[in-house]
Structure formats: structure tokens, C-alpha cells
file coords-v4.pdb (PDB, C-alpha atoms)
ATOM      1  CA  MET D 695    -129.600  46.505 -60.392
ATOM      2  CA  THR D 696    -129.468  46.999 -56.644
ATOM      3  CA  ALA D 697    -127.475  45.603 -53.742
ATOM      4  CA  ASN D 698    -129.733  44.362 -50.955
ATOM      5  CA  GLU D 699    -127.038  44.531 -48.291
ATOM      6  CA  VAL D 700    -123.471  45.654 -47.747
ATOM      7  CA  HIS D 701    -120.784  43.668 -45.952
ATOM      8  CA  LEU D 702    -118.134  45.907 -44.404
ATOM      9  CA  ILE D 703    -115.027  43.824 -43.744
ATOM     10  CA  TYR D 704    -112.033  45.439 -42.096
ATOM     11  CA  PHE D 705    -108.854  44.940 -40.094
ATOM     12  CA  SER D 706    -108.197  48.089 -38.062
ATOM     13  CA  PRO D 707    -106.071  48.008 -34.875
ATOM     14  CA  THR D 708    -105.916  51.831 -34.639
ATOM     15  CA  HIS D 709    -109.401  52.427 -36.144
ATOM     16  CA  THR D 710    -108.281  54.317 -39.286
ATOM     17  CA  SER D 711    -109.434  51.640 -41.740
ATOM     18  CA  LYS D 712    -112.669  51.256 -39.797
ATOM     19  CA  GLN D 713    -113.429  54.990 -40.075
ATOM     20  CA  VAL D 714    -112.825  55.020 -43.829
ATOM     21  CA  GLY D 715    -114.935  51.906 -44.362
ATOM     22  CA  GLU D 716    -117.840  53.220 -42.316
ATOM     23  CA  ALA D 717    -117.829  56.497 -44.260
ATOM     24  CA  ILE D 718    -117.941  54.636 -47.580
ATOM     25  CA  VAL D 719    -120.861  52.533 -46.336
ATOM     26  CA  ARG D 720    -122.752  55.664 -45.250
ATOM     27  CA  GLY D 721    -122.264  57.102 -48.709
ATOM     28  CA  THR D 722    -123.803  54.088 -50.429
ATOM     29  CA  GLY D 723    -127.099  54.696 -48.649
ATOM     30  CA  ILE D 724    -127.554  50.949 -48.099
ATOM     31  CA  THR D 725    -129.160  50.454 -44.703
ATOM     32  CA  ASN D 726    -128.734  46.701 -44.291
ATOM     33  CA  VAL D 727    -125.113  46.619 -43.098
ATOM     34  CA  ILE D 728    -123.246  43.539 -41.868
ATOM     35  CA  ASN D 729    -119.936  44.268 -40.133
ATOM     36  CA  THR D 730    -117.069  41.782 -40.030
ATOM     37  CA  ASN D 731    -114.257  43.052 -37.833
ATOM     38  CA  LEU D 732    -111.110  40.992 -38.398
ATOM     39  CA  THR D 733    -108.992  42.942 -35.917
ATOM     40  CA  GLN D 734    -109.288  40.444 -33.082
ATOM     41  CA  GLN D 735    -110.100  37.231 -34.939
ATOM     42  CA  ALA D 736    -110.607  35.694 -38.357
ATOM     43  CA  ALA D 737    -113.998  35.424 -40.012
ATOM     44  CA  GLN D 738    -115.719  32.056 -39.731
ATOM     45  CA  ASP D 739    -116.270  30.704 -43.280
ATOM     46  CA  LEU D 740    -118.039  33.797 -44.592
ATOM     47  CA  VAL D 741    -119.544  33.509 -48.088
ATOM     48  CA  ILE D 742    -121.092  36.675 -49.550
ATOM     49  CA  THR D 743    -123.755  36.346 -52.241
ATOM     50  CA  GLU D 744    -123.853  38.000 -55.657
ATOM     51  CA  SER D 745    -126.760  40.227 -54.599
ATOM     52  CA  ALA D 746    -124.707  41.898 -51.842
ATOM     53  CA  LEU D 747    -121.876  44.425 -51.949
ATOM     54  CA  ALA D 748    -118.598  43.770 -50.134
ATOM     55  CA  ILE D 749    -116.435  46.666 -48.952
ATOM     56  CA  ILE D 750    -113.034  45.448 -47.779
ATOM     57  CA  VAL D 751    -110.686  47.886 -46.018
ATOM     58  CA  VAL D 752    -107.230  47.031 -44.692
ATOM     59  CA  PRO D 753    -104.111  48.923 -43.533
ATOM     60  CA  VAL D 754    -100.735  48.948 -45.256
ATOM     61  CA  TYR D 755     -97.641  47.894 -43.307
ATOM     62  CA  GLY D 756     -94.340  48.533 -45.073
ATOM     63  CA  GLY D 757     -95.921  48.839 -48.503
ATOM     64  CA  ARG D 758     -97.897  45.572 -48.225
ATOM     65  CA  VAL D 759    -101.323  44.636 -46.917
ATOM     66  CA  ALA D 760    -100.874  43.932 -43.204
ATOM     67  CA  PRO D 761     -99.939  40.217 -43.184
ATOM     68  CA  LEU D 762    -102.300  39.429 -40.325
ATOM     69  CA  ALA D 763    -105.159  41.033 -42.269
ATOM     70  CA  MET D 764    -104.436  38.745 -45.212
ATOM     71  CA  ASP D 765    -104.381  35.725 -42.908
ATOM     72  CA  ARG D 766    -107.731  36.636 -41.382
ATOM     73  CA  LEU D 767    -109.315  37.253 -44.774
ATOM     74  CA  ALA D 768    -108.568  33.682 -45.845
ATOM     75  CA  SER D 769    -112.024  32.350 -44.921
ATOM     76  CA  VAL D 770    -113.920  35.188 -46.663
ATOM     77  CA  ARG D 771    -115.254  34.251 -50.089
ATOM     78  CA  GLY D 772    -117.517  35.715 -52.729
ATOM     79  CA  ASN D 773    -119.752  34.289 -55.429
ATOM     80  CA  ASN D 774    -119.132  36.746 -58.257
ATOM     81  CA  THR D 775    -119.871  39.312 -55.547
ATOM     82  CA  PRO D 776    -119.262  42.986 -56.400
ATOM     83  CA  ALA D 777    -116.486  44.263 -54.140
ATOM     84  CA  VAL D 778    -114.816  47.532 -53.284
ATOM     85  CA  ILE D 779    -111.226  47.193 -52.089
ATOM     86  CA  VAL D 780    -109.504  49.914 -50.073
ATOM     87  CA  VAL D 781    -106.025  50.204 -48.582
ATOM     88  CA  VAL D 782    -105.176  52.772 -45.900
ATOM     89  CA  TYR D 783    -101.544  53.874 -45.606
ATOM     90  CA  GLY D 784     -99.562  56.272 -43.449
ATOM     91  CA  ASN D 785     -98.726  58.964 -46.046
ATOM     92  CA  ARG D 786     -95.492  57.315 -47.239
ATOM     93  CA  ALA D 787     -96.513  54.835 -49.961
ATOM     94  CA  TYR D 788     -98.899  51.970 -50.469
ATOM     95  CA  GLU D 789     -96.626  50.422 -53.130
ATOM     96  CA  LYS D 790     -98.313  47.260 -54.504
ATOM     97  CA  SER D 791    -100.719  46.664 -51.637
ATOM     98  CA  LEU D 792    -103.836  47.518 -53.661
ATOM     99  CA  MET D 793    -102.820  45.045 -56.369
ATOM    100  CA  GLU D 794    -102.132  42.473 -53.664
ATOM    101  CA  LEU D 795    -105.642  42.923 -52.257
ATOM    102  CA  ASP D 796    -107.100  42.865 -55.778
ATOM    103  CA  TYR D 797    -105.402  39.538 -56.518
ATOM    104  CA  TRP D 798    -106.751  38.070 -53.286
ATOM    105  CA  ALA D 799    -110.277  39.315 -54.035
ATOM    106  CA  ILE D 800    -110.369  37.824 -57.527
ATOM    107  CA  GLN D 801    -109.031  34.482 -56.281
ATOM    108  CA  GLN D 802    -111.743  34.433 -53.593
ATOM    109  CA  GLY D 803    -114.607  34.903 -56.053
ATOM    110  CA  PHE D 804    -115.164  38.682 -55.911
ATOM    111  CA  LYS D 805    -115.655  41.065 -58.814
ATOM    112  CA  VAL D 806    -113.723  44.236 -57.967
ATOM    113  CA  ILE D 807    -115.896  47.115 -59.186
ATOM    114  CA  ALA D 808    -114.013  49.926 -57.402
ATOM    115  CA  GLY D 809    -110.770  50.551 -55.565
ATOM    116  CA  ALA D 810    -109.316  53.300 -53.416
ATOM    117  CA  THR D 811    -106.303  54.385 -51.400
ATOM    118  CA  PHE D 812    -106.820  56.506 -48.286
ATOM    119  CA  ILE D 813    -104.462  57.981 -45.718
ATOM    120  CA  GLY D 814    -104.565  57.143 -42.033
ATOM    121  CA  GLU D 815    -102.379  58.328 -39.181
ATOM    122  CA  HIS D 816     -99.207  56.250 -39.265
ATOM    123  CA  SER D 817     -98.827  53.650 -36.519
ATOM    124  CA  TYR D 818     -95.492  55.247 -35.561
ATOM    125  CA  SER D 819     -96.873  58.794 -35.407
ATOM    126  CA  THR D 820     -96.361  60.643 -32.108
ATOM    127  CA  GLU D 821     -96.909  64.192 -30.880
ATOM    128  CA  LYS D 822     -93.193  64.853 -31.261
ATOM    129  CA  TYR D 823     -92.902  63.166 -34.647
ATOM    130  CA  PRO D 824     -96.308  63.360 -36.357
ATOM    131  CA  VAL D 825     -96.890  61.286 -39.483
ATOM    132  CA  ALA D 826    -100.276  61.988 -41.093
ATOM    133  CA  ALA D 827    -101.569  62.912 -37.634
ATOM    134  CA  GLY D 828    -105.363  63.038 -37.402
ATOM    135  CA  ARG D 829    -105.971  61.280 -40.706
ATOM    136  CA  PRO D 830    -108.478  60.341 -41.867
ATOM    137  CA  ASP D 831    -109.739  63.844 -41.201
ATOM    138  CA  GLU D 832    -113.128  65.387 -41.950
ATOM    139  CA  ARG D 833    -112.217  65.981 -45.597
ATOM    140  CA  ASP D 834    -111.033  62.376 -46.013
ATOM    141  CA  LEU D 835    -114.280  61.042 -44.597
ATOM    142  CA  THR D 836    -116.350  63.331 -46.813
ATOM    143  CA  LEU D 837    -114.429  62.026 -49.841
ATOM    144  CA  ALA D 838    -115.026  58.481 -48.612
ATOM    145  CA  ALA D 839    -118.777  59.116 -48.352
ATOM    146  CA  ASP D 840    -118.776  60.655 -51.854
ATOM    147  CA  PHE D 841    -116.968  57.564 -53.106
ATOM    148  CA  GLY D 842    -119.692  55.425 -51.526
ATOM    149  CA  LYS D 843    -122.351  57.421 -53.378
ATOM    150  CA  GLN D 844    -120.500  56.907 -56.673
ATOM    151  CA  ILE D 845    -120.337  53.170 -56.011
ATOM    152  CA  SER D 846    -124.091  53.090 -55.380
ATOM    153  CA  ASP D 847    -124.701  55.017 -58.601
ATOM    154  CA  LYS D 848    -122.499  52.603 -60.564
ATOM    155  CA  ILE D 849    -124.460  49.624 -59.267
ATOM    156  CA  ALA D 850    -127.810  51.292 -59.980
ATOM    157  CA  SER D 851    -126.793  52.127 -63.559
ATOM    158  CA  ALA D 852    -126.049  48.477 -64.385
ATOM    159  CA  ALA D 853    -129.122  46.786 -65.830
ATOM    160  CA  GLU D 854    -127.850  43.325 -64.842
ATOM    161  CA  PRO D 855    -124.833  41.834 -63.025
ATOM    162  CA  GLU D 856    -122.989  41.226 -66.313
ATOM    163  CA  LYS D 857    -123.135  44.973 -66.993
ATOM    164  CA  LEU D 858    -121.515  45.848 -63.656
ATOM    165  CA  TYR D 859    -117.956  46.011 -64.916
ATOM    166  CA  ALA D 860    -114.806  45.253 -62.976
ATOM    167  CA  VAL D 861    -111.942  47.745 -62.752
ATOM    168  CA  ASP D 862    -108.209  47.359 -63.317
ATOM    169  CA  VAL D 863    -106.701  48.720 -60.102
ATOM    170  CA  ARG D 864    -103.354  49.250 -61.850
ATOM    171  CA  LYS D 865    -104.984  52.273 -63.500
ATOM    172  CA  ILE D 866    -105.683  54.117 -60.260
ATOM    173  CA  ARG D 867    -104.121  57.558 -60.080
ATOM    174  CA  ARG D 868    -100.992  57.623 -57.932
ATOM    175  CA  PRO D 869    -100.533  60.524 -55.481
ATOM    176  CA  ARG D 870     -97.705  62.897 -56.257
ATOM    177  CA  GLN D 871     -94.491  62.172 -54.386
ATOM    178  CA  PRO D 872     -91.786  64.879 -54.383
ATOM    179  CA  PHE D 873     -88.474  63.301 -55.401
ATOM    180  CA  PHE D 874     -86.042  64.855 -52.936
ATOM    181  CA  PRO D 875     -87.887  63.966 -49.688
ATOM    182  CA  LEU D 876     -88.218  60.382 -50.953
ATOM    183  CA  PHE D 877     -84.527  60.256 -51.895
ATOM    184  CA  ARG D 878     -83.581  61.670 -48.488
ATOM    185  CA  PHE D 879     -85.747  59.076 -46.752
ATOM    186  CA  LEU D 880     -84.249  56.158 -48.676
ATOM    187  CA  ARG D 881     -80.719  57.410 -48.077
ATOM    188  CA  LYS D 882     -81.320  57.765 -44.347
ATOM    189  CA  VAL D 883     -82.983  54.340 -44.087
ATOM    190  CA  ILE D 884     -79.953  52.729 -45.728
ATOM    191  CA  ALA D 885     -77.623  54.602 -43.372
ATOM    192  CA  LEU D 886     -79.717  53.583 -40.375
ATOM    193  CA  ARG D 887     -79.631  49.927 -41.328
ATOM    194  CA  LYS D 888     -75.889  50.008 -41.976
ATOM    195  CA  SER D 889     -75.279  51.644 -38.616
ATOM    196  CA  GLY D 890     -76.366  48.542 -36.765
ATOM    197  CA  VAL D 891     -78.406  50.606 -34.294
ATOM    198  CA  PRO D 892     -80.811  48.159 -32.617
ATOM    199  CA  LEU D 893     -84.452  48.878 -33.343
ATOM    200  CA  PRO D 894     -87.176  48.358 -30.746
ATOM    201  CA  ARG D 895     -89.026  45.096 -31.269
ATOM    202  CA  THR D 896     -92.172  46.080 -29.399
ATOM    203  CA  PRO D 897     -93.850  49.051 -27.699
ATOM    204  CA  TRP D 898     -93.026  49.332 -24.005
ATOM    205  CA  VAL D 899     -93.970  51.106 -20.786
ATOM    206  CA  GLU D 900     -91.389  53.841 -20.300
ATOM    207  CA  ASP D 901     -92.671  55.138 -16.957
ATOM    208  CA  GLU D 902     -94.042  52.237 -14.934
ATOM    209  CA  SER D 903     -95.711  54.597 -12.485
ATOM    210  CA  LEU D 904     -98.152  55.638 -15.233
ATOM    211  CA  CYS D 905     -99.440  52.113 -15.839
ATOM    212  CA  THR D 906    -102.578  51.362 -13.794
ATOM    213  CA  HIS D 907    -102.837  47.773 -15.081
ATOM    214  CA  CYS D 908    -106.304  48.522 -16.440
ATOM    215  CA  GLY D 909    -105.823  45.896 -19.123
ATOM    216  CA  ALA D 910    -106.894  48.140 -22.010
ATOM    217  CA  CYS D 911    -103.728  47.350 -23.955
ATOM    218  CA  ALA D 912    -104.245  43.606 -23.524
ATOM    219  CA  LYS D 913    -107.845  43.892 -24.694
ATOM    220  CA  MET D 914    -107.031  45.853 -27.851
ATOM    221  CA  CYS D 915    -103.941  43.907 -28.936
ATOM    222  CA  PRO D 916    -104.923  41.943 -32.076
ATOM    223  CA  VAL D 917    -102.404  39.163 -31.415
ATOM    224  CA  SER D 918    -102.629  38.768 -27.612
ATOM    225  CA  ALA D 919     -99.036  39.915 -27.211
ATOM    226  CA  ILE D 920     -99.959  41.542 -23.870
ATOM    227  CA  ILE D 921    -101.523  39.648 -20.981
ATOM    228  CA  LYS D 922    -103.850  41.354 -18.506
ATOM    229  CA  GLY D 923    -102.051  41.585 -15.182
ATOM    230  CA  ASP D 924     -98.661  41.616 -16.933
ATOM    231  CA  GLU D 925     -99.092  44.833 -18.910
ATOM    232  CA  LEU D 926     -95.451  45.885 -18.474
ATOM    233  CA  ASN D 927     -94.340  43.147 -20.861
ATOM    234  CA  THR D 928     -95.017  42.512 -24.543
ATOM    235  CA  ASP D 929     -94.360  39.241 -26.367
ATOM    236  CA  ALA D 930     -91.931  40.187 -29.139
ATOM    237  CA  GLU D 931     -92.660  36.988 -31.073
ATOM    238  CA  ARG D 932     -96.328  37.926 -31.369
ATOM    239  CA  CYS D 933     -96.185  41.736 -31.639
ATOM    240  CA  ILE D 934     -96.893  43.169 -35.116
ATOM    241  CA  LYS D 935     -95.999  46.779 -34.160
ATOM    242  CA  CYS D 936     -99.480  48.051 -35.000
ATOM    243  CA  CYS D 937     -99.190  50.361 -31.955
ATOM    244  CA  ALA D 938    -102.835  49.911 -30.989
ATOM    245  CA  CYS D 939    -101.657  49.609 -27.396
ATOM    246  CA  VAL D 940     -99.755  52.902 -27.649
ATOM    247  CA  LYS D 941    -102.565  54.923 -29.199
ATOM    248  CA  GLY D 942    -105.263  53.336 -27.061
ATOM    249  CA  CYS D 943    -103.599  53.512 -23.630
ATOM    250  CA  PRO D 944    -105.789  55.814 -21.474
ATOM    251  CA  GLN D 945    -102.794  56.733 -19.287
ATOM    252  CA  LYS D 946    -100.378  57.255 -22.232
ATOM    253  CA  ALA D 947     -98.050  54.847 -20.467
ATOM    254  CA  ARG D 948     -96.977  52.913 -23.547
ATOM    255  CA  VAL D 949     -94.549  54.214 -26.183
ATOM    256  CA  TYR D 950     -92.899  53.036 -29.383
ATOM    257  CA  ASP D 951     -89.881  55.244 -29.920
ATOM    258  CA  THR D 952     -88.399  54.164 -33.238
ATOM    259  CA  PRO D 953     -85.983  56.145 -35.431
ATOM    260  CA  PHE D 954     -88.229  55.375 -38.385
ATOM    261  CA  ALA D 955     -90.839  57.731 -36.893
ATOM    262  CA  VAL D 956     -88.301  60.562 -37.079
ATOM    263  CA  LEU D 957     -87.487  59.823 -40.725
ATOM    264  CA  LEU D 958     -91.132  59.474 -41.760
ATOM    265  CA  SER D 959     -92.066  62.707 -39.992
ATOM    266  CA  GLN D 960     -89.203  64.634 -41.606
ATOM    267  CA  CYS D 961     -89.470  63.257 -45.135
ATOM    268  CA  PHE D 962     -93.233  62.966 -45.683
ATOM    269  CA  VAL D 963     -94.573  66.280 -44.432
ATOM    270  CA  LYS D 964     -96.606  66.961 -47.583
ATOM    271  CA  GLN D 965     -99.996  65.320 -47.091
ATOM    272  CA  LYS D 966    -101.201  63.002 -49.833
ATOM    273  CA  ASP D 967    -104.781  62.840 -51.038
ATOM    274  CA  PRO D 968    -107.049  59.810 -51.293
ATOM    275  CA  CYS D 969    -107.366  58.317 -54.785
ATOM    276  CA  THR D 970    -110.318  56.349 -56.104
ATOM    277  CA  LEU D 971    -111.123  54.261 -59.181
ATOM    278  CA  LEU D 972    -114.563  53.331 -60.483
TER     279      LEU D 972
END
call {"tool": "encode", "arguments": {"input": "coords-v4.pdb", "output": "C-alpha cells"}}
result
Amino acid sequence: MTANEVHLIYFSPTHTSKQVGEAIVRGTGITNVINTNLTQQAAQDLVITESALAIIVVPVYGGRVAPLAMDRLASVRGNNTPAVIVVVYGNRAYEKSLMELDYWAIQQGFKVIAGATFIGEHSYSTEKYPVAAGRPDERDLTLAADFGKQISDKIASAAEPEKLYAVDVRKIRRPRQPFFPLFRFLRKVIALRKSGVPLPRTPWVEDESLCTHCGACAKMCPVSAIIKGDELNTDAERCIKCCACVKGCPQKARVYDTPFAVLLSQCFVKQKDPCTLL
């Protein structure tokens, strides 16, 4: 069988999930591509047919699918549509996020024929405290394109839709995690929380002279927590700490200096590899 089109659906404030998804699509070789970017708004009652392929890519926040991504996926449905589900995490752990996305996909009428976990630069990563800096890199994107080719081959080898088998994402290979860095991280997180040290609720402008009020941060914020003309302030009730405003500020005026960045940078130096399941 063949897929006549591919729907790439993603939530990607800092563009890591978008890059991975686009590389997978390139690998499939399918030229009819429909993009649904959920970063700024939810999809409007999108139903994807059985003859198409859906590739759904979302970031992991704290071991779960980003809650806002799940909210904005609510109006996306399939009709026994073959789907590829991908989570992108910041080199710590994706925990049960892939299973969470799998459960959503099945409930929404998709048949999950492949799954993957990729690494993207952590939202908290900085030059001083890098966490998976530069990921996905060239190798990651090559692996993503190869994965896309394997997906295309799997679809082509199925004589009919009933022969295009679903996968059990619980069987995906887990990346190796050295014990002692993980133990050190957990111990330090517990100590940090017990210390009562206040944690920053939002990114902020540390040096106001750097801000030119260009409005870029307001434009890229997925929850409208920053208002153009009032770029020095961020609505803490709306902010999801995705740090799109930090990474996308052309003047590097915005920062998010959290002690968790220090711990992540110190304890997860060893870079994990993407894992796929077909």
C-alpha cells in the first residue's frame, strides 16, 4: 500500500521538535506534505483519513508530553490512520511521555505504526550551563531521515491496511542512563526543594538596556504571556517556561537563570542517542 500524503503535526516553541519532524518527513519521500503547527494555536477539527500518514512530534516537559501540546492536539483525530509518534526530550529522561502520546493517539482513532524518542536542546540550556546544546544535530537529523525511509518501506511492504501492523511503544529500547549521575541529580533536586530557595517563575530581562522592544518575544510566545510594547514583563500565570523568548531574542536580552539548569548540565553530560521502534 501507499500513503498519498503526510500530515506533520507538531508543537515546537524552540523548533527542536519541528526539525526532527521535518527530517522524518523528508526521509519518507512523500511529497504531498500538510503541516499543522500547534505552537501558537490549536488545530481546527482536523480529521486525517486512512490513506494518509500522520507524523506527530511533541516536546517533553518534566517527563510528560508538554501539557499545552496535549491540549492543542485535542481536536486532531484519525480514522484508523497510520501514525508515527515522536517525543523530543532534553537528554534527561522522557519517562512515560511516549506511552502518554500513544494512549492519546489510539483514543483519537490512529494506528501507531512507529514510535521514536529524539533529543533536543533543553529549554533551560545556556552557554554557561549547556544541556544537550545544539541537538538535534546533523547526526540526529540523518537518523530521523533514515527513520522516515524505514517508515515508508514498512507502509510499502503492507499489501493492505490490515497488514500494516501497529507497534507496542513499551518495547522501544531505552537509552542507557549511568546510575551515579542520575542518583546525584535526584539527591540535589531533593536538597534544592528542601532548601526553600525560590525558583524563577518566568524568564526575565536582566539588562533592560539590551531590550529594543522589537516584539519578537511577544510574537513567539505560545501562550501570549508577553505583550508587544511591554516586553519587560511576563505573565507568570500564563508562562509555561518553554524559553522560546530566551532562545529567540535577537538581542539576547531575556534570560531564565534557574538552578535546575546547573544540575541538568552537571549530571547529564553524556549524550543520549535517539531510539526508534517499527
call {"tool": "closest_residue", "arguments": {"input": "coords-v4.pdb", "among": "D:Thr708, D:Gln801, D:Gln871, D:Gln945", "to": "D:Glu900", "atoms": "all atoms listed in the file"}}
result
D:Gln945
call {"tool": "closest_residue", "arguments": {"input": "coords-v4.pdb", "among": "D:Thr743, D:Ala938, D:Ser711, D:Trp898", "to": "D:Cys915", "atoms": "only C-alpha atoms"}}
result
D:Ala938
call {"tool": "resolve_selection", "arguments": {"input": "coords-v4.pdb", "expression": "the PyMOL selection byres ((chain D and resi 730) around 12)", "output": "ChimeraX atom specification"}}
result
/D:700-706,712,715-716,727-729,731-742,748-751,766-767,769-770
call {"tool": "atom_distance", "arguments": {"input": "coords-v4.pdb", "atom1": "atom CA of D:Ile849", "atom2": "atom CA of D:Lys966"}}
result
28.4 Å
call {"tool": "atom_distance", "arguments": {"input": "coords-v4.pdb", "atom1": "atom CA of D:Tyr755", "atom2": "atom CA of D:Leu795"}}
result
13.0 Å
call {"tool": "atom_distance", "arguments": {"input": "coords-v4.pdb", "atom1": "atom CA of D:Val714", "atom2": "atom CA of D:Lys805"}}
result
20.7 Å
call {"tool": "resolve_selection", "arguments": {"input": "coords-v4.pdb", "expression": "the PyMOL selection byres ((chain D and resi 857-864) around 8)", "output": "MDAnalysis selection string"}}
result
chainID D and resid 792:793 796 805:809 848:849 852:856 865:866 971:972
call {"tool": "resolve_selection", "arguments": {"input": "coords-v4.pdb", "expression": "the PyMOL selection byres ((chain D and resi 814) around 12)", "output": "number ranges by chain"}}
result
D: 706-715, 751-755, 780-788, 811-813, 815-819, 824-832, 834-835, 965-968
call {"tool": "write_last_selection", "arguments": {"input": "coords-v4.pdb", "atoms": "C-alpha atoms", "output": "CSV table (one decimal), keeping the file's coordinate frame"}}
result
chain,number,residue,atom,x,y,z
D,706,SER,CA,-108.2,48.1,-38.1
D,707,PRO,CA,-106.1,48.0,-34.9
D,708,THR,CA,-105.9,51.8,-34.6
D,709,HIS,CA,-109.4,52.4,-36.1
D,710,THR,CA,-108.3,54.3,-39.3
D,711,SER,CA,-109.4,51.6,-41.7
D,712,LYS,CA,-112.7,51.3,-39.8
D,713,GLN,CA,-113.4,55.0,-40.1
D,714,VAL,CA,-112.8,55.0,-43.8
D,715,GLY,CA,-114.9,51.9,-44.4
D,751,VAL,CA,-110.7,47.9,-46.0
D,752,VAL,CA,-107.2,47.0,-44.7
D,753,PRO,CA,-104.1,48.9,-43.5
D,754,VAL,CA,-100.7,48.9,-45.3
D,755,TYR,CA,-97.6,47.9,-43.3
D,780,VAL,CA,-109.5,49.9,-50.1
D,781,VAL,CA,-106.0,50.2,-48.6
D,782,VAL,CA,-105.2,52.8,-45.9
D,783,TYR,CA,-101.5,53.9,-45.6
D,784,GLY,CA,-99.6,56.3,-43.4
D,785,ASN,CA,-98.7,59.0,-46.0
D,786,ARG,CA,-95.5,57.3,-47.2
D,787,ALA,CA,-96.5,54.8,-50.0
D,788,TYR,CA,-98.9,52.0,-50.5
D,811,THR,CA,-106.3,54.4,-51.4
D,812,PHE,CA,-106.8,56.5,-48.3
D,813,ILE,CA,-104.5,58.0,-45.7
D,815,GLU,CA,-102.4,58.3,-39.2
D,816,HIS,CA,-99.2,56.2,-39.3
D,817,SER,CA,-98.8,53.6,-36.5
D,818,TYR,CA,-95.5,55.2,-35.6
D,819,SER,CA,-96.9,58.8,-35.4
D,824,PRO,CA,-96.3,63.4,-36.4
D,825,VAL,CA,-96.9,61.3,-39.5
D,826,ALA,CA,-100.3,62.0,-41.1
D,827,ALA,CA,-101.6,62.9,-37.6
D,828,GLY,CA,-105.4,63.0,-37.4
D,829,ARG,CA,-106.0,61.3,-40.7
D,830,PRO,CA,-108.5,60.3,-41.9
D,831,ASP,CA,-109.7,63.8,-41.2
D,832,GLU,CA,-113.1,65.4,-42.0
D,834,ASP,CA,-111.0,62.4,-46.0
D,835,LEU,CA,-114.3,61.0,-44.6
D,965,GLN,CA,-100.0,65.3,-47.1
D,966,LYS,CA,-101.2,63.0,-49.8
D,967,ASP,CA,-104.8,62.8,-51.0
D,968,PRO,CA,-107.0,59.8,-51.3
call {"tool": "decode", "arguments": {"input": "coords-v4.pdb", "residues": "stretch 754-770 of chain D", "atoms": "C-alpha atoms", "output": "PDB file, in the first residue's frame"}}
result
ATOM      1  CA  VAL D 754       8.750  16.539  26.799  1.00  0.00           C
ATOM      2  CA  TYR D 755       8.440  18.818  29.831  1.00  0.00           C
ATOM      3  CA  GLY D 756       9.346  17.204  33.147  1.00  0.00           C
ATOM      4  CA  GLY D 757       8.965  13.667  31.842  1.00  0.00           C
ATOM      5  CA  ARG D 758       5.498  14.265  30.336  1.00  0.00           C
ATOM      6  CA  VAL D 759       4.222  15.459  26.979  1.00  0.00           C
ATOM      7  CA  ALA D 760       4.076  19.256  27.200  1.00  0.00           C
ATOM      8  CA  PRO D 761       0.581  19.855  28.651  1.00  0.00           C
ATOM      9  CA  LEU D 762      -0.187  22.632  26.188  1.00  0.00           C
ATOM     10  CA  ALA D 763       0.698  20.297  23.309  1.00  0.00           C
ATOM     11  CA  MET D 764      -1.809  17.757  24.604  1.00  0.00           C
ATOM     12  CA  ASP D 765      -4.465  20.457  24.889  1.00  0.00           C
ATOM     13  CA  ARG D 766      -3.892  21.615  21.324  1.00  0.00           C
ATOM     14  CA  LEU D 767      -3.963  18.071  19.968  1.00  0.00           C
ATOM     15  CA  ALA D 768      -7.484  17.561  21.307  1.00  0.00           C
ATOM     16  CA  SER D 769      -9.201  18.429  18.010  1.00  0.00           C
ATOM     17  CA  VAL D 770      -6.933  16.186  15.887  1.00  0.00           C
TER      18      VAL D 770
END
